[in-house]
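Notes to accompany the following structure.
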Amino acid sequence: MLDATGASLEDFVALVRAETPGRRKLAQPIPLIGLTQAGAGGFFDDGGFPVGGGWDQIRSPKADDENAYALEVTGESMRPLYRDGAILVVSPNAGVRKGDRVVLRTTDGEVMAKVLVRRTAKTIELASVNPAHPNLVFPVDRIDWIARIVWESQ
């Protein structure tokens, strides 16, 4: 690629590291908490954006959203897709579409990672990442917020 473009390795590295308007720099720290901890009060505002203290930080290669945060999976309930210790980077500003992997919080404070099957004006249907669990259907008024998972690390 360097030969084809005539660029030096230094030019290429500088280009990769350059900050583009509206994008984070590569590996900028983002907040991190445990997925089960995320259900507790004080970590998110009404729109699902991270707030408050108690967050650790990680460096993520995929965080184009200034409000992105990371959740650490604990336990085996999301196998085979996500195992214990997996890190999910979540973008509250990203659009959510059918088939996207998402994290959502219910009005009861339950936080879960699912696959969006269908969204209507009245309901949201979600598929479990673990095939042993059935699909869930929630009335939209039982959802505090929903955000797309944009990256994950095992």
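Residue numbering restarts at 1 for every chain of the structure tokens, chains are lettered A, B, ... in their displayed order, and ligands are numbered from 1 as they appear.
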Set the distance at 10 Å and use only C-alpha atoms: which residues neighbour Asp56 in chain A once local chain neighbours fewer than 4 positions away are removed? I'd like the list as a list in words.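 Within the cut-off, the hits are Pro29, Ile30, Pro31, Leu32, Ile33, Gly34 and Ala70 of chain A.
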Please list as number ranges by chain every residue within 9 Å of Arg79 in chain A, counting only C-alpha atoms and excluding residues in the same chain fewer than 5 positions away. A: 84, 129-131
Can I get the selected residues back with C-alpha atoms, as a compact mmCIF listing (two decimals), in the first residue's frame?
# COMPACT_ATOMS: atom_id res chain seq x y z
CA ASP A 84 -17.34 -14.23 30.96
CA VAL A 129 -27.71 -14.31 22.33
CA ASN A 130 -27.94 -17.66 24.12
CA PRO A 131 -30.21 -19.93 22.03
Enter the distance from CA of Glu152 in chain A to CA of Val115 in chain A, in Å, rounded to one decimal.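 Value for the CA of Glu152 in chain A-CA of Val115 in chain A distance: 14.1 Å.
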Residue among A:Pro80, A:Gly99, A:Gly85, A:Gly109 lying closest to Ala132 in chain A, counting only C-alpha atoms: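 Answer, going by the shortest atom-to-atom distance: A:Pro80.
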With distances taken over only C-alpha atoms, which residue among A:Val117, A:Leu9, A:Val51, A:Tyr69 lies nearest Val96 in chain A? A:Val117
Mind giving me the straight-line distance from CA of Asp100 in chain A to CA of Val137 in chain A in Å, one decimal? 15.8 Å
Do a neighbour search on Arg105 in chain A at 9 Å with only C-alpha atoms, toss out local chain neighbours closer than 3 positions, and write the hits as an NGL selection string. :A and (38-39 or 48 or 108-112 or 142-146)
Please produce an output containing C-alpha atoms for each residue in the selection, written as a PDB file, in the first residue's frame.
ATOM      1  CA  ALA A  38     -25.080  -1.235  34.927  1.00  0.00           C
ATOM      2  CA  GLY A  39     -28.573  -1.956  36.252  1.00  0.00           C
ATOM      3  CA  GLY A  48     -28.700   5.905  28.361  1.00  0.00           C
ATOM      4  CA  ASP A 108     -37.131  -2.230  36.422  1.00  0.00           C
ATOM      5  CA  GLY A 109     -33.362  -1.603  36.157  1.00  0.00           C
ATOM      6  CA  GLU A 110     -32.516  -4.849  34.340  1.00  0.00           C
ATOM      7  CA  VAL A 111     -29.717  -4.472  31.784  1.00  0.00           C
ATOM      8  CA  MET A 112     -29.318  -7.076  29.054  1.00  0.00           C
ATOM      9  CA  ARG A 142     -40.920  -0.623  29.834  1.00  0.00           C
ATOM     10  CA  ILE A 143     -37.652   0.335  28.093  1.00  0.00           C
ATOM     11  CA  ASP A 144     -35.531   3.108  29.647  1.00  0.00           C
ATOM     12  CA  TRP A 145     -33.015   3.097  26.805  1.00  0.00           C
ATOM     13  CA  ILE A 146     -31.542   0.945  24.067  1.00  0.00           C
TER      14      ILE A 146
END
Identify, with DSSP run on backbone atoms, the residues in range 46-138 of chain A assigned to strand (DSSP E or B), and express the list as a ChimeraX atom specification. /A:50,56-59,69-72,87-91,101-106,111-119,123-128,136-138
